[in-house]
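Engineer: My structure is below; once you've seen it, I'll send some questions.
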Amino acid sequence: MKENSLKNKIIFITGATSGIGKETALGLAKLGATIVFTARDNSRGKKIKNELIEATSNKNIDMIFCDLASFESIRKACKEFKSNYDSLHVLINNAGIWDFKRRISKDGIENTFATNYLAPFLITNLFLDILKKSKPSRIINVTSGMHYGTINFKDIEFKKKFSGAKAYRQSKLGLILFSRFLANKLKETGVTVNCVQPGMNKTNLGRDAGGFSRFIFKLIGKDPEIGAKISIYLASSPEVENITGEYFTNKGIKKSSKESYNMDLAKRLWDISNKYVKLKLLFL
Ligand SMILES: NC(=O)c1ccc[n+]([C@@H]2O[C@H](COP(=O)([O-])OP(=O)(O)OC[C@H]3O[C@@H](n4cnc5c(N)ncnc54)[C@H](OP(=O)(O)O)[C@@H]3O)[C@@H](O)[C@H]2O)c1
């Protein structure tokens, strides 16, 4: 896999305080990029920022506070980024959760849907102008092999019966549908949109699982630097500069579930998402 130097490239990545996101930020900082990452805890964010600078000798690493389970916090973070930077070459929607109990976000929305799906939807749309201005630019959405199933339009927030696995799978399918739909809309703009599937990694994703399941989560995965490789490749390689609307694993472009190619489903989800985040999307 060929990677480019990323000197003069600005990358925004969510959730670099742990796991795959932290390793992705590290790898991209080593390639010389300016890294702006989000953290939902300022003191941990500052600690990670110092760690990344020390490990890479790249001083162009910045942290912005953002709680992805809050639309207000997302809007604030995107505004802060735009007031400090003129360009954005790569957006990596990496952060994600797997809640084993039903929780709600600051906006009163089921937390998995809000954090894993609506947050990337909103961030991406808020950054479309700066991404277009900075072309060629790339959007990378971190999804999962566990995206099988469908979108539960009758009860998208699992209010009647909650299953953490179903909510997680739906959020990741939603992200793939969003990516393909957006990739289509952005053809000829110089902005690409792709999904990555990092494989099973030992991270904090299973923190909510409790006891034995949490232990299993930590036991069977690969180290997160392996999972980060595919995001680093998509962010840096000249080989993928013109590829858009695809689903990548560390073995290259792969087919995702049949449902994830259904653009009627994608449009329906897009319209619902738009109502949740209350954006006026001019280009549609
Ligand atoms: N690990 C796997 O096997 C696997 C497999 C397939 C896909 N993935 C995907 O890979 C991505 C990275 O996950 P990971 O495995 O590296 O898990 P992780 O170690 O738990 O990292 C998740 C990151 O997201 C951040 N985050 C979660 N909720 C947030 C919120 N409300 N506001 C701000 N940041 C928030 C976390 O911040 P804190 O540090 O503050 O918690 C952390 O930085 C996720 O999208 C996940 O679904 C993982």
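Here's how to read the names in the structure tokens: chain A, B, ... by the order shown, residue numbers from 1 in each chain, ligand numbers from 1 in the order shown.
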Can you pull out the residues contacting stretch 17-23 of chain A? Cut-off 8 Å, using only C-alpha atoms, and skip same-chain residues under 3 positions away; I want them as a list in words.

Structural biologist: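 Near neighbours after the sequence-gap exclusion: Ile13, Thr14, Leu26, Gly27, Thr38, Ala39, Arg44, Gly45, Ile48, Asn94, Ala95, Asn201, Lys202, Thr203, Asn204, Pro224, Glu225, Gly227 and Ala228 of chain A.
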
Engineer: Check stretch 14-190 of chain A with DSSP on the backbone and list each residue it calls alpha helix (DSSP H), as a compact mmCIF listing (two decimals) with N, CA and C atoms, in the first residue's frame.

Structural biologist:
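Below is the file selection_20.txt, written as the result:
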```txt
# COMPACT_ATOMS: atom_id res chain seq x y z
N GLY A 19 -7.91 3.89 20.92
CA GLY A 19 -8.08 2.87 19.89
C GLY A 19 -7.59 3.22 18.49
N ILE A 20 -8.43 2.91 17.51
CA ILE A 20 -8.07 3.05 16.10
C ILE A 20 -7.83 4.52 15.73
N GLY A 21 -8.63 5.41 16.29
CA GLY A 21 -8.49 6.84 15.99
C GLY A 21 -7.15 7.39 16.43
N LYS A 22 -6.71 6.98 17.59
CA LYS A 22 -5.42 7.46 18.11
C LYS A 22 -4.28 6.97 17.21
N GLU A 23 -4.36 5.70 16.82
CA GLU A 23 -3.32 5.13 15.94
C GLU A 23 -3.36 5.78 14.55
N THR A 24 -4.57 6.11 14.10
CA THR A 24 -4.70 6.77 12.79
C THR A 24 -4.04 8.15 12.85
N ALA A 25 -4.34 8.90 13.92
CA ALA A 25 -3.76 10.23 14.08
C ALA A 25 -2.24 10.13 14.15
N LEU A 26 -1.75 9.14 14.86
CA LEU A 26 -0.30 8.94 15.00
C LEU A 26 0.33 8.67 13.63
N GLY A 27 -0.26 7.75 12.88
CA GLY A 27 0.28 7.39 11.56
C GLY A 27 0.27 8.56 10.61
N LEU A 28 -0.80 9.35 10.64
CA LEU A 28 -0.91 10.48 9.71
C LEU A 28 0.01 11.63 10.15
N ALA A 29 0.18 11.78 11.44
CA ALA A 29 1.12 12.80 11.93
C ALA A 29 2.54 12.45 11.51
N LYS A 30 2.85 11.17 11.51
CA LYS A 30 4.19 10.72 11.07
C LYS A 30 4.42 11.07 9.61
N ASN A 42 -11.37 17.58 27.82
CA ASN A 42 -10.26 18.48 27.48
C ASN A 42 -8.92 18.01 28.03
N SER A 43 -8.90 17.54 29.27
CA SER A 43 -7.59 17.21 29.84
C SER A 43 -7.02 15.95 29.18
N ARG A 44 -7.88 14.97 28.88
CA ARG A 44 -7.38 13.79 28.16
C ARG A 44 -6.94 14.17 26.75
N GLY A 45 -7.69 15.05 26.12
CA GLY A 45 -7.34 15.51 24.78
C GLY A 45 -5.97 16.16 24.76
N LYS A 46 -5.72 17.02 25.76
CA LYS A 46 -4.41 17.71 25.81
C LYS A 46 -3.28 16.70 26.03
N LYS A 47 -3.57 15.71 26.87
CA LYS A 47 -2.56 14.68 27.14
C LYS A 47 -2.21 13.92 25.85
N ILE A 48 -3.24 13.54 25.11
CA ILE A 48 -3.02 12.79 23.85
C ILE A 48 -2.27 13.68 22.85
N LYS A 49 -2.66 14.94 22.79
CA LYS A 49 -1.99 15.87 21.87
C LYS A 49 -0.48 15.88 22.17
N ASN A 50 -0.12 16.02 23.46
CA ASN A 50 1.30 16.04 23.82
C ASN A 50 1.98 14.72 23.49
N GLU A 51 1.27 13.63 23.73
CA GLU A 51 1.83 12.30 23.40
C GLU A 51 2.13 12.20 21.90
N LEU A 52 1.17 12.67 21.08
CA LEU A 52 1.34 12.56 19.62
C LEU A 52 2.50 13.43 19.15
N ILE A 53 2.62 14.63 19.72
CA ILE A 53 3.71 15.53 19.34
C ILE A 53 5.05 14.90 19.72
N GLU A 54 5.08 14.36 20.93
CA GLU A 54 6.33 13.75 21.40
C GLU A 54 6.72 12.53 20.54
N ALA A 55 5.73 11.74 20.18
CA ALA A 55 6.02 10.50 19.42
C ALA A 55 6.41 10.77 17.97
N THR A 56 5.99 11.91 17.42
CA THR A 56 6.19 12.12 15.97
C THR A 56 7.08 13.32 15.65
N PHE A 71 -25.54 18.05 19.20
CA PHE A 71 -25.48 18.83 17.96
C PHE A 71 -24.86 20.21 18.21
N GLU A 72 -25.14 20.77 19.38
CA GLU A 72 -24.60 22.10 19.68
C GLU A 72 -23.06 22.03 19.76
N SER A 73 -22.57 20.99 20.42
CA SER A 73 -21.12 20.84 20.55
C SER A 73 -20.47 20.60 19.18
N ILE A 74 -21.13 19.82 18.33
CA ILE A 74 -20.61 19.56 16.98
C ILE A 74 -20.54 20.87 16.19
N ARG A 75 -21.60 21.63 16.25
CA ARG A 75 -21.63 22.91 15.49
C ARG A 75 -20.53 23.84 15.98
N LYS A 76 -20.34 23.88 17.30
CA LYS A 76 -19.31 24.74 17.88
C LYS A 76 -17.91 24.31 17.42
N ALA A 77 -17.68 22.98 17.45
CA ALA A 77 -16.36 22.44 17.07
C ALA A 77 -16.07 22.74 15.59
N CYS A 78 -17.06 22.55 14.73
CA CYS A 78 -16.85 22.80 13.30
C CYS A 78 -16.58 24.28 13.05
N LYS A 79 -17.29 25.12 13.80
CA LYS A 79 -17.09 26.57 13.67
C LYS A 79 -15.67 26.94 14.13
N GLU A 80 -15.26 26.35 15.24
CA GLU A 80 -13.91 26.63 15.76
C GLU A 80 -12.86 26.22 14.74
N PHE A 81 -13.06 25.04 14.15
CA PHE A 81 -12.09 24.58 13.14
C PHE A 81 -12.02 25.58 11.99
N LYS A 82 -13.19 25.99 11.50
CA LYS A 82 -13.21 26.88 10.33
C LYS A 82 -12.63 28.26 10.65
N SER A 83 -12.72 28.66 11.91
CA SER A 83 -12.14 29.98 12.22
C SER A 83 -10.63 29.89 12.37
N ASN A 84 -10.12 28.68 12.57
CA ASN A 84 -8.66 28.53 12.74
C ASN A 84 -7.94 28.02 11.49
N ASN A 111 -28.54 7.08 21.69
CA ASN A 111 -27.14 7.50 21.65
C ASN A 111 -26.30 6.88 20.52
N THR A 112 -26.58 5.62 20.16
CA THR A 112 -25.78 4.98 19.09
C THR A 112 -26.09 5.65 17.76
N ALA A 119 -23.94 12.18 14.03
CA ALA A 119 -22.77 13.06 14.22
C ALA A 119 -21.94 13.14 12.92
N PRO A 120 -21.54 12.00 12.32
CA PRO A 120 -20.82 12.12 11.04
C PRO A 120 -21.65 12.80 9.95
N PHE A 121 -22.96 12.54 9.96
CA PHE A 121 -23.84 13.18 8.96
C PHE A 121 -23.74 14.70 9.10
N LEU A 122 -23.85 15.18 10.33
CA LEU A 122 -23.83 16.63 10.55
C LEU A 122 -22.44 17.22 10.29
N ILE A 123 -21.42 16.60 10.83
CA ILE A 123 -20.05 17.12 10.65
C ILE A 123 -19.73 17.22 9.16
N THR A 124 -20.02 16.15 8.44
CA THR A 124 -19.69 16.12 7.01
C THR A 124 -20.41 17.26 6.28
N ASN A 125 -21.68 17.42 6.57
CA ASN A 125 -22.42 18.47 5.89
C ASN A 125 -21.93 19.87 6.27
N LEU A 126 -21.55 20.04 7.54
CA LEU A 126 -21.03 21.34 7.95
C LEU A 126 -19.68 21.64 7.30
N PHE A 127 -18.95 20.59 6.93
CA PHE A 127 -17.62 20.78 6.34
C PHE A 127 -17.62 20.72 4.80
N LEU A 128 -18.78 20.48 4.18
CA LEU A 128 -18.76 20.30 2.72
C LEU A 128 -18.18 21.51 1.99
N ASP A 129 -18.50 22.71 2.47
CA ASP A 129 -18.00 23.91 1.78
C ASP A 129 -16.47 23.97 1.82
N ILE A 130 -15.89 23.76 2.97
CA ILE A 130 -14.42 23.86 3.10
C ILE A 130 -13.73 22.68 2.39
N LEU A 131 -14.40 21.52 2.38
CA LEU A 131 -13.83 20.36 1.67
C LEU A 131 -13.81 20.63 0.16
N LYS A 132 -14.88 21.22 -0.34
CA LYS A 132 -14.95 21.52 -1.78
C LYS A 132 -13.90 22.56 -2.14
N LYS A 133 -13.76 23.54 -1.27
CA LYS A 133 -12.78 24.61 -1.51
C LYS A 133 -11.35 24.06 -1.50
N GLY A 164 -28.39 -3.50 21.69
CA GLY A 164 -27.16 -2.76 21.39
C GLY A 164 -26.57 -3.17 20.06
N ALA A 165 -26.62 -4.49 19.78
CA ALA A 165 -26.03 -4.99 18.53
C ALA A 165 -26.81 -4.46 17.32
N LYS A 166 -28.15 -4.47 17.44
CA LYS A 166 -28.97 -3.99 16.31
C LYS A 166 -28.75 -2.49 16.09
N ALA A 167 -28.68 -1.75 17.19
CA ALA A 167 -28.48 -0.29 17.08
C ALA A 167 -27.12 0.00 16.45
N TYR A 168 -26.11 -0.78 16.85
CA TYR A 168 -24.76 -0.60 16.30
C TYR A 168 -24.75 -0.93 14.80
N ARG A 169 -25.35 -2.08 14.47
CA ARG A 169 -25.36 -2.52 13.06
C ARG A 169 -26.09 -1.50 12.19
N GLN A 170 -27.23 -1.01 12.69
CA GLN A 170 -28.01 -0.04 11.93
C GLN A 170 -27.20 1.25 11.70
N SER A 171 -26.49 1.69 12.76
CA SER A 171 -25.73 2.95 12.63
C SER A 171 -24.64 2.81 11.57
N LYS A 172 -24.04 1.62 11.49
CA LYS A 172 -22.94 1.42 10.53
C LYS A 172 -23.48 1.24 9.11
N LEU A 173 -24.64 0.57 8.99
CA LEU A 173 -25.28 0.48 7.67
C LEU A 173 -25.67 1.89 7.21
N GLY A 174 -26.21 2.67 8.13
CA GLY A 174 -26.60 4.04 7.81
C GLY A 174 -25.42 4.84 7.28
N LEU A 175 -24.27 4.64 7.90
CA LEU A 175 -23.07 5.39 7.48
C LEU A 175 -22.63 4.98 6.07
N ILE A 176 -22.80 3.71 5.73
CA ILE A 176 -22.42 3.28 4.37
C ILE A 176 -23.42 3.85 3.36
N LEU A 177 -24.71 3.79 3.69
CA LEU A 177 -25.73 4.35 2.79
C LEU A 177 -25.47 5.84 2.57
N PHE A 178 -25.19 6.54 3.65
CA PHE A 178 -24.89 7.97 3.58
C PHE A 178 -23.67 8.22 2.68
N SER A 179 -22.64 7.40 2.86
CA SER A 179 -21.39 7.58 2.10
C SER A 179 -21.64 7.41 0.60
N ARG A 180 -22.37 6.35 0.24
CA ARG A 180 -22.61 6.10 -1.19
C ARG A 180 -23.50 7.20 -1.80
N PHE A 181 -24.51 7.59 -1.04
CA PHE A 181 -25.43 8.63 -1.52
C PHE A 181 -24.66 9.94 -1.74
N LEU A 182 -23.84 10.29 -0.75
CA LEU A 182 -23.08 11.54 -0.84
C LEU A 182 -22.02 11.47 -1.95
N ALA A 183 -21.39 10.31 -2.07
CA ALA A 183 -20.37 10.13 -3.12
C ALA A 183 -20.97 10.44 -4.49
N ASN A 184 -22.19 9.99 -4.69
CA ASN A 184 -22.91 10.27 -5.95
C ASN A 184 -23.14 11.75 -6.15
N LYS A 185 -23.59 12.40 -5.09
CA LYS A 185 -23.88 13.83 -5.15
C LYS A 185 -22.62 14.65 -5.39
```

Engineer: Could you pull out all residues of stretch 52-266 of chain A with a DSSP call of strand (DSSP E or B) and give them as an NGL selection string?

Structural biologist: :A and (61-65 or 90-93 or 104 or 110 or 137-142 or 191-196 or 201 or 222 or 247-249 or 252-254)
